[in-house]
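**Student:** This is the structure I have questions about; it appears just below.
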Amino acid sequence: MGRLVGMSVHLQGSLFDQADRPHLGRLTGLRRTVLGDGAWIDLLPGWLSGADELFSVLAEGVPWRAERRQMYDRTVDVPRLLAFYRADDDLPSPVLDEARDALSRHYGDELGEPFTTAGLCYYRDGRDSVAWHGDLTGRSSHQDTMVAILSLGAPRDLLLRPCRGGATVRRPLGHGDLIVMGGSCQRTWQHAVPKTAQARGPRISVQYRPRGVR
Ligand SMILES: O=C(O)CCC(=O)C(=O)O
Ligand SMILES: [Fe+2]
C-alpha cells in the first residue's frame, strides 16, 4: 500500500513536471489567411504548451505598469497593465527569448530583420481591453512589417477590420496560441481585443516586434 501510494505520487509528480515545462512546437504548422489590401495573418494554435506555471511567473514577476492617457479633456486609466522590454533587455523567462529567436529564424527571409522588442499586456479580467488601433508608432506607419503575438491564460478574441471599411475578422486566442500580423496589416487594418461580459480570467499577451516598430 505504502509503495503504491508512493508510486502514484511519483507518477503524478512526473506528469505534472512534464505538463508544466514550457515547450514550443514547430512553426511549420502556421496557417496564413490573406486579409486583403496587402495584409495577412498567420495562426498557430497551441504553439506553447505547458505554460501554466509560466503564466503565474509572469503575472507575479513582471513589473507591470498601470498607465493613464489623455482622452479629449479627461485623463483615463488604460484598461490593461503594461510592460516593455527593449532589444537588449532580458525577457522575464528564457522561453520568451526562445520564442523570439524561433520567430526570427522562421520569418527571417520574409521579414528581412529579426524580432527584437517584447511588449507585454496583462488583461486582469473581461473588463480589460485594447481599443481599435494599428501599431503605427514608428516606421510601421509607412512600411510593411510584422507583429507576432503569443497569447497566454484566458481565451480572448482578437478582432481585425479593414481601415477602409468592411467585415470584421475574429480570431479567438487561447492559452499558448500564436498569431502573426504581417504585410500592411498595421496600416491598412486595425485590431482590437474588446471587453467581454463573459466571466474571463486574466490573460497575458506577448507582442514581438522588429526594431523601431510600436
Ligand atoms: O493583447 C493583444 O493580443 C493585442 C495587444 C496589442 O494590439 C498591442 O499591444 O498593440
Ligand atoms: Fe496592437
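Labeling convention for the C-alpha cells: chains A, B, ... as they appear, residues from 1 per chain, ligands from 1 in order of appearance.
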For region 170-180 of chain A, list every protein, DNA or RNA residue within 6 Å, evaluated using only C-alpha atoms, and leave out those in the same chain fewer than 4 positions away; present the list as a list in words.
**Tutor:**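 Answer for this query is Ile41, Asp42, Leu43, Leu44, Pro45, Gly46, Trp47, Leu48, Ser49, Val147, Ala148, Ile149, Leu150, Ser151, Leu152, Gly153, Pro155, Arg156, Asp157, Leu158 and Leu159 of chain A.
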**Student:** Given the selection you just returned, output its residues as a file containing C-alpha atoms, formatted as a compact mmCIF listing (two decimals), in the first residue's frame.
**Tutor:**
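Now in result_12.txt:
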# COMPACT_ATOMS: atom_id res chain seq x y z
CA ILE A 41 -2.34 36.92 -40.51
CA ASP A 42 -0.64 33.64 -39.61
CA LEU A 43 -2.15 31.50 -36.86
CA LEU A 44 -0.76 28.59 -34.86
CA PRO A 45 -3.00 27.36 -32.03
CA GLY A 46 -1.13 25.76 -29.12
CA TRP A 47 2.37 26.82 -30.15
CA LEU A 48 3.47 26.96 -26.49
CA SER A 49 2.36 24.12 -24.23
CA VAL A 147 3.90 41.89 -35.12
CA ALA A 148 3.81 38.41 -33.53
CA ILE A 149 1.58 37.84 -30.51
CA LEU A 150 1.82 34.92 -28.08
CA SER A 151 -1.36 34.65 -26.02
CA LEU A 152 -1.38 33.14 -22.52
CA GLY A 153 -4.11 32.50 -19.99
CA PRO A 155 -9.07 32.98 -24.10
CA ARG A 156 -9.95 36.33 -25.66
CA ASP A 157 -10.92 37.38 -29.18
CA LEU A 158 -8.59 39.40 -31.36
CA LEU A 159 -10.65 41.37 -33.90
**Student:** Which polymer residues have any atom within 9 Å of an atom of Pro92 (chain A), counting only C-alpha atoms, with same-chain residues fewer than 6 positions away left out, as a ChimeraX atom specification?
**Tutor:** /A:57-58,61-62
**Student:** List all protein, DNA and RNA residues that have at least one atom no more than 7 Å from any atom of ligand 2, counting only C-alpha atoms and all ligand atoms, and write them as a PyMOL selection string.
**Tutor:** chain A and resi 133-135+191
**Student:** Which residues, written as a PyMOL selection string, have at least one atom at most 7 Å from Pro194 (chain A), with only C-alpha atoms counted and residues fewer than 3 positions away on the same chain left out?
**Tutor:** chain A and resi 129-131
**Student:** Please save N, CA and C atoms of the selected residues as a PDB file, in the first residue's frame.
**Tutor:**
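So out-v3.pdb came out as:
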ATOM      1  N   SER A 129      -9.079  45.584 -21.913  1.00  0.00           N
ATOM      2  CA  SER A 129      -9.254  45.537 -23.371  1.00  0.00           C
ATOM      3  C   SER A 129      -8.179  46.381 -24.047  1.00  0.00           C
ATOM      4  N   VAL A 130      -8.142  46.293 -25.378  1.00  0.00           N
ATOM      5  CA  VAL A 130      -7.405  47.288 -26.166  1.00  0.00           C
ATOM      6  C   VAL A 130      -8.328  47.724 -27.304  1.00  0.00           C
ATOM      7  N   ALA A 131      -8.462  49.030 -27.456  1.00  0.00           N
ATOM      8  CA  ALA A 131      -9.375  49.612 -28.456  1.00  0.00           C
ATOM      9  C   ALA A 131      -8.791  49.444 -29.869  1.00  0.00           C
TER      10      ALA A 131
END
**Student:** Could you pull out the residues in region 69-138 of chain A that DSSP calls alpha helix (DSSP H) from the backbone, as a PyMOL selection string?
**Tutor:** chain A and resi 94-111
**Student:** Write out the residues from the selection above, keeping N, CA and C atoms, as a short mmCIF file (atom, residue, chain, number, x, y, z; two decimals), in the first residue's frame.
**Tutor:**
data_model
loop_
_atom_site.label_atom_id
_atom_site.label_comp_id
_atom_site.auth_asym_id
_atom_site.auth_seq_id
_atom_site.Cartn_x
_atom_site.Cartn_y
_atom_site.Cartn_z
N PRO A 94 13.23 32.52 -19.91
CA PRO A 94 14.04 32.13 -21.07
C PRO A 94 13.20 31.63 -22.25
N VAL A 95 12.04 31.04 -21.98
CA VAL A 95 11.24 30.52 -23.10
C VAL A 95 10.70 31.67 -23.96
N LEU A 96 10.61 32.86 -23.39
CA LEU A 96 10.18 34.01 -24.19
C LEU A 96 11.31 34.48 -25.12
N ASP A 97 12.57 34.31 -24.68
CA ASP A 97 13.70 34.57 -25.58
C ASP A 97 13.72 33.53 -26.70
N GLU A 98 13.49 32.27 -26.30
CA GLU A 98 13.46 31.18 -27.29
C GLU A 98 12.39 31.44 -28.34
N ALA A 99 11.22 31.89 -27.88
CA ALA A 99 10.11 32.15 -28.81
C ALA A 99 10.50 33.24 -29.79
N ARG A 100 11.10 34.32 -29.29
CA ARG A 100 11.51 35.42 -30.17
C ARG A 100 12.54 34.93 -31.20
N ASP A 101 13.50 34.11 -30.75
CA ASP A 101 14.53 33.64 -31.66
C ASP A 101 13.95 32.69 -32.71
N ALA A 102 13.00 31.85 -32.29
CA ALA A 102 12.36 30.93 -33.24
C ALA A 102 11.58 31.72 -34.29
N LEU A 103 10.90 32.78 -33.86
CA LEU A 103 10.14 33.62 -34.80
C LEU A 103 11.10 34.33 -35.77
N SER A 104 12.22 34.81 -35.24
CA SER A 104 13.20 35.50 -36.09
C SER A 104 13.76 34.54 -37.14
N ARG A 105 14.02 33.30 -36.74
CA ARG A 105 14.54 32.31 -37.70
C ARG A 105 13.48 32.00 -38.76
N HIS A 106 12.25 31.75 -38.29
CA HIS A 106 11.19 31.33 -39.22
C HIS A 106 10.86 32.42 -40.24
N TYR A 107 10.79 33.67 -39.76
CA TYR A 107 10.35 34.77 -40.63
C TYR A 107 11.51 35.57 -41.22
N GLY A 108 12.75 35.18 -40.89
CA GLY A 108 13.93 35.96 -41.27
C GLY A 108 13.93 36.42 -42.72
N ASP A 109 13.71 35.47 -43.65
CA ASP A 109 13.78 35.80 -45.08
C ASP A 109 12.67 36.77 -45.47
N GLU A 110 11.48 36.50 -44.99
CA GLU A 110 10.32 37.30 -45.39
C GLU A 110 10.35 38.69 -44.74
N LEU A 111 10.81 38.75 -43.49
CA LEU A 111 10.80 39.99 -42.73
C LEU A 111 12.07 40.81 -42.99
#
**Student:** Between A:Thr33, A:Ser205, A:Gln190, A:Thr145, which one has atoms that come closest to ligand 1, using only C-alpha atoms and all ligand atoms?
**Tutor:**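 Among the listed residues, the smallest separation from ligand 1 belongs to A:Ser205.
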**Student:** Please provide as a list in words all residues within 8 Å of Arg80 (chain A), with the sequence filter that same-chain residues fewer than 6 positions apart are discarded (counting only C-alpha atoms).
**Tutor:**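 These residues fall inside the cut-off: Ala66, Cys121, Tyr122, Tyr123, Arg124, Asp128, Ser129 and Val130 of chain A.
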**Student:** Output the selection as a PDB file, in the first residue's frame - N, CA and C atoms for each residue.
**Tutor:**
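Result file again.pdb:
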ATOM      1  N   ALA A  66       0.605  50.414 -14.550  1.00  0.00           N
ATOM      2  CA  ALA A  66      -0.721  50.948 -14.898  1.00  0.00           C
ATOM      3  C   ALA A  66      -0.454  52.305 -15.539  1.00  0.00           C
ATOM      4  N   CYS A 121       1.176  42.733 -22.302  1.00  0.00           N
ATOM      5  CA  CYS A 121      -0.078  43.285 -21.784  1.00  0.00           C
ATOM      6  C   CYS A 121      -0.682  42.292 -20.809  1.00  0.00           C
ATOM      7  N   TYR A 122      -1.243  42.803 -19.730  1.00  0.00           N
ATOM      8  CA  TYR A 122      -1.932  41.983 -18.742  1.00  0.00           C
ATOM      9  C   TYR A 122      -3.380  42.439 -18.668  1.00  0.00           C
ATOM     10  N   TYR A 123      -4.283  41.550 -19.097  1.00  0.00           N
ATOM     11  CA  TYR A 123      -5.721  41.828 -19.044  1.00  0.00           C
ATOM     12  C   TYR A 123      -6.245  41.148 -17.789  1.00  0.00           C
ATOM     13  N   ARG A 124      -6.584  41.941 -16.767  1.00  0.00           N
ATOM     14  CA  ARG A 124      -6.929  41.371 -15.459  1.00  0.00           C
ATOM     15  C   ARG A 124      -8.204  40.554 -15.507  1.00  0.00           C
ATOM     16  N   ASP A 128     -10.878  44.419 -19.012  1.00  0.00           N
ATOM     17  CA  ASP A 128      -9.678  44.984 -19.645  1.00  0.00           C
ATOM     18  C   ASP A 128      -9.729  44.715 -21.149  1.00  0.00           C
ATOM     19  N   SER A 129      -9.079  45.584 -21.913  1.00  0.00           N
ATOM     20  CA  SER A 129      -9.254  45.537 -23.371  1.00  0.00           C
ATOM     21  C   SER A 129      -8.179  46.381 -24.047  1.00  0.00           C
ATOM     22  N   VAL A 130      -8.142  46.293 -25.378  1.00  0.00           N
ATOM     23  CA  VAL A 130      -7.405  47.288 -26.166  1.00  0.00           C
ATOM     24  C   VAL A 130      -8.328  47.724 -27.304  1.00  0.00           C
TER      25      VAL A 130
END
**Student:** Taking the chain letters and numbering used in this document, name the residues of region 88-177 of chain A that DSSP puts in strand (DSSP E or B), as a ChimeraX atom specification.
**Tutor:** /A:115-123,130-133,138,147-153,156-162,169-173,177
**Student:** Compare A:Gly126, A:Gly183, A:Pro210, A:Pro114 by their minimum atom-to-atom distance to His142 (chain A), counting only C-alpha atoms, and give me the closest one.
**Tutor:**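 Using only C-alpha atoms, His142 (chain A) sits closest to A:Gly183.
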**Student:** Rank A:Gln143, A:Ala87, A:Trp189, A:Arg65 by their smallest atom-to-atom distance to Arg164 (chain A), using only C-alpha atoms, and report the top residue only.
**Tutor:** A:Trp189
**Student:** Which neighbours of region 38-40 of chain A fall inside 10 Å, counting only C-alpha atoms, when residues of the same chain fewer than 2 positions from it are skipped, and could you give them as an NGL selection string?
**Tutor:** :A and (32-36 or 42 or 144-146 or 162 or 180-189)
**Student:** With C-alpha atoms kept, could you save the residues just selected as a PDB file, in the first residue's frame?
**Tutor:**
ATOM      1  CA  ARG A  32      -1.865  32.028 -43.332  1.00  0.00           C
ATOM      2  CA  THR A  33      -5.038  33.971 -44.054  1.00  0.00           C
ATOM      3  CA  VAL A  34      -4.752  36.735 -46.658  1.00  0.00           C
ATOM      4  CA  LEU A  35      -6.873  39.619 -45.397  1.00  0.00           C
ATOM      5  CA  GLY A  36      -6.622  41.954 -48.399  1.00  0.00           C
ATOM      6  CA  ASP A  42      -0.637  33.642 -39.609  1.00  0.00           C
ATOM      7  CA  ASP A 144       5.289  46.608 -44.185  1.00  0.00           C
ATOM      8  CA  THR A 145       6.332  44.777 -41.046  1.00  0.00           C
ATOM      9  CA  MET A 146       5.236  42.024 -38.656  1.00  0.00           C
ATOM     10  CA  PRO A 162     -10.023  46.966 -42.728  1.00  0.00           C
ATOM     11  CA  VAL A 180       1.343  36.996 -36.528  1.00  0.00           C
ATOM     12  CA  MET A 181       0.062  40.116 -38.282  1.00  0.00           C
ATOM     13  CA  GLY A 182       2.069  40.851 -41.421  1.00  0.00           C
ATOM     14  CA  GLY A 183       2.372  42.825 -44.633  1.00  0.00           C
ATOM     15  CA  SER A 184       0.492  46.117 -44.422  1.00  0.00           C
ATOM     16  CA  CYS A 185      -1.689  44.887 -41.512  1.00  0.00           C
ATOM     17  CA  GLN A 186      -0.678  47.694 -39.117  1.00  0.00           C
ATOM     18  CA  ARG A 187      -1.584  50.489 -41.530  1.00  0.00           C
ATOM     19  CA  THR A 188      -4.377  49.108 -43.728  1.00  0.00           C
ATOM     20  CA  TRP A 189      -6.169  47.171 -40.968  1.00  0.00           C
TER      21      TRP A 189
END
**Student:** List the neighbours of Arg86 (chain A) out to 6 Å using only C-alpha atoms; skip same-chain residues closer than 2 positions along the sequence, and give me the result as an NGL selection string.
**Tutor:** :A and (88-89 or 117)
**Student:** Can you spit out the residues from that selection as a PDB file, in the first residue's frame, using N, CA and C atoms?
**Tutor:**
ATOM      1  N   ASP A  88      17.843  44.791 -25.900  1.00  0.00           N
ATOM      2  CA  ASP A  88      18.922  44.179 -25.116  1.00  0.00           C
ATOM      3  C   ASP A  88      18.501  43.853 -23.678  1.00  0.00           C
ATOM      4  N   ASP A  89      17.233  43.976 -23.367  1.00  0.00           N
ATOM      5  CA  ASP A  89      16.744  43.568 -22.042  1.00  0.00           C
ATOM      6  C   ASP A  89      16.563  42.047 -22.005  1.00  0.00           C
ATOM      7  N   THR A 117      12.061  43.568 -29.875  1.00  0.00           N
ATOM      8  CA  THR A 117      11.447  44.034 -28.628  1.00  0.00           C
ATOM      9  C   THR A 117      10.280  43.125 -28.231  1.00  0.00           C
TER      10      THR A 117
END
**Student:** What's the separation between CA of Val213 (chain A) and CA of Thr137 (chain A), in Å to one decimal place?
**Tutor:** 6.4 Å
**Student:** As an exercise, work out the distance from CA of Ala83 (chain A) to CA of Trp64 (chain A) in Å and give it to one decimal place.
**Tutor:**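 Between CA of Ala83 (chain A) and CA of Trp64 (chain A) the gap works out to 5.4 Å.
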**Student:** Would you list the contacts of Ala51 (chain A) as a PyMOL selection string, taking every protein, DNA or RNA residue within 7 Å and counting only C-alpha atoms, but skipping same-chain residues closer than 4 positions in sequence?
**Tutor:** chain A and resi 20-22+55
**Student:** Based on the selection just made, write C-alpha atoms of those residues as a short mmCIF file (atom, residue, chain, number, x, y, z; two decimals), in the first residue's frame.
**Tutor:**
data_model
loop_
_atom_site.label_atom_id
_atom_site.label_comp_id
_atom_site.auth_asym_id
_atom_site.auth_seq_id
_atom_site.Cartn_x
_atom_site.Cartn_y
_atom_site.Cartn_z
CA ASP A 20 4.34 22.27 -16.72
CA ARG A 21 7.57 22.56 -18.61
CA PRO A 22 7.02 25.18 -21.30
CA PHE A 55 1.67 32.37 -16.63
#
**Student:** When you count only C-alpha atoms and all ligand atoms, which of these residues is closest to ligand 1: A:Gly50, A:Gly119, A:Gly25, A:Pro63?
**Tutor:** A:Gly119
**Student:** Can you work out which one of A:Arg161, A:Arg69, A:Arg214, A:Lys195 has the shortest atom-to-atom distance to ligand 1, counting only C-alpha atoms and all ligand atoms?
**Tutor:** A:Arg214
**Student:** In terms of the shortest atom-to-atom distance over only C-alpha atoms and all ligand atoms, which of A:Cys163, A:Ala197, A:Ala154, A:Leu24 is closest to ligand 1?
**Tutor:** A:Ala154
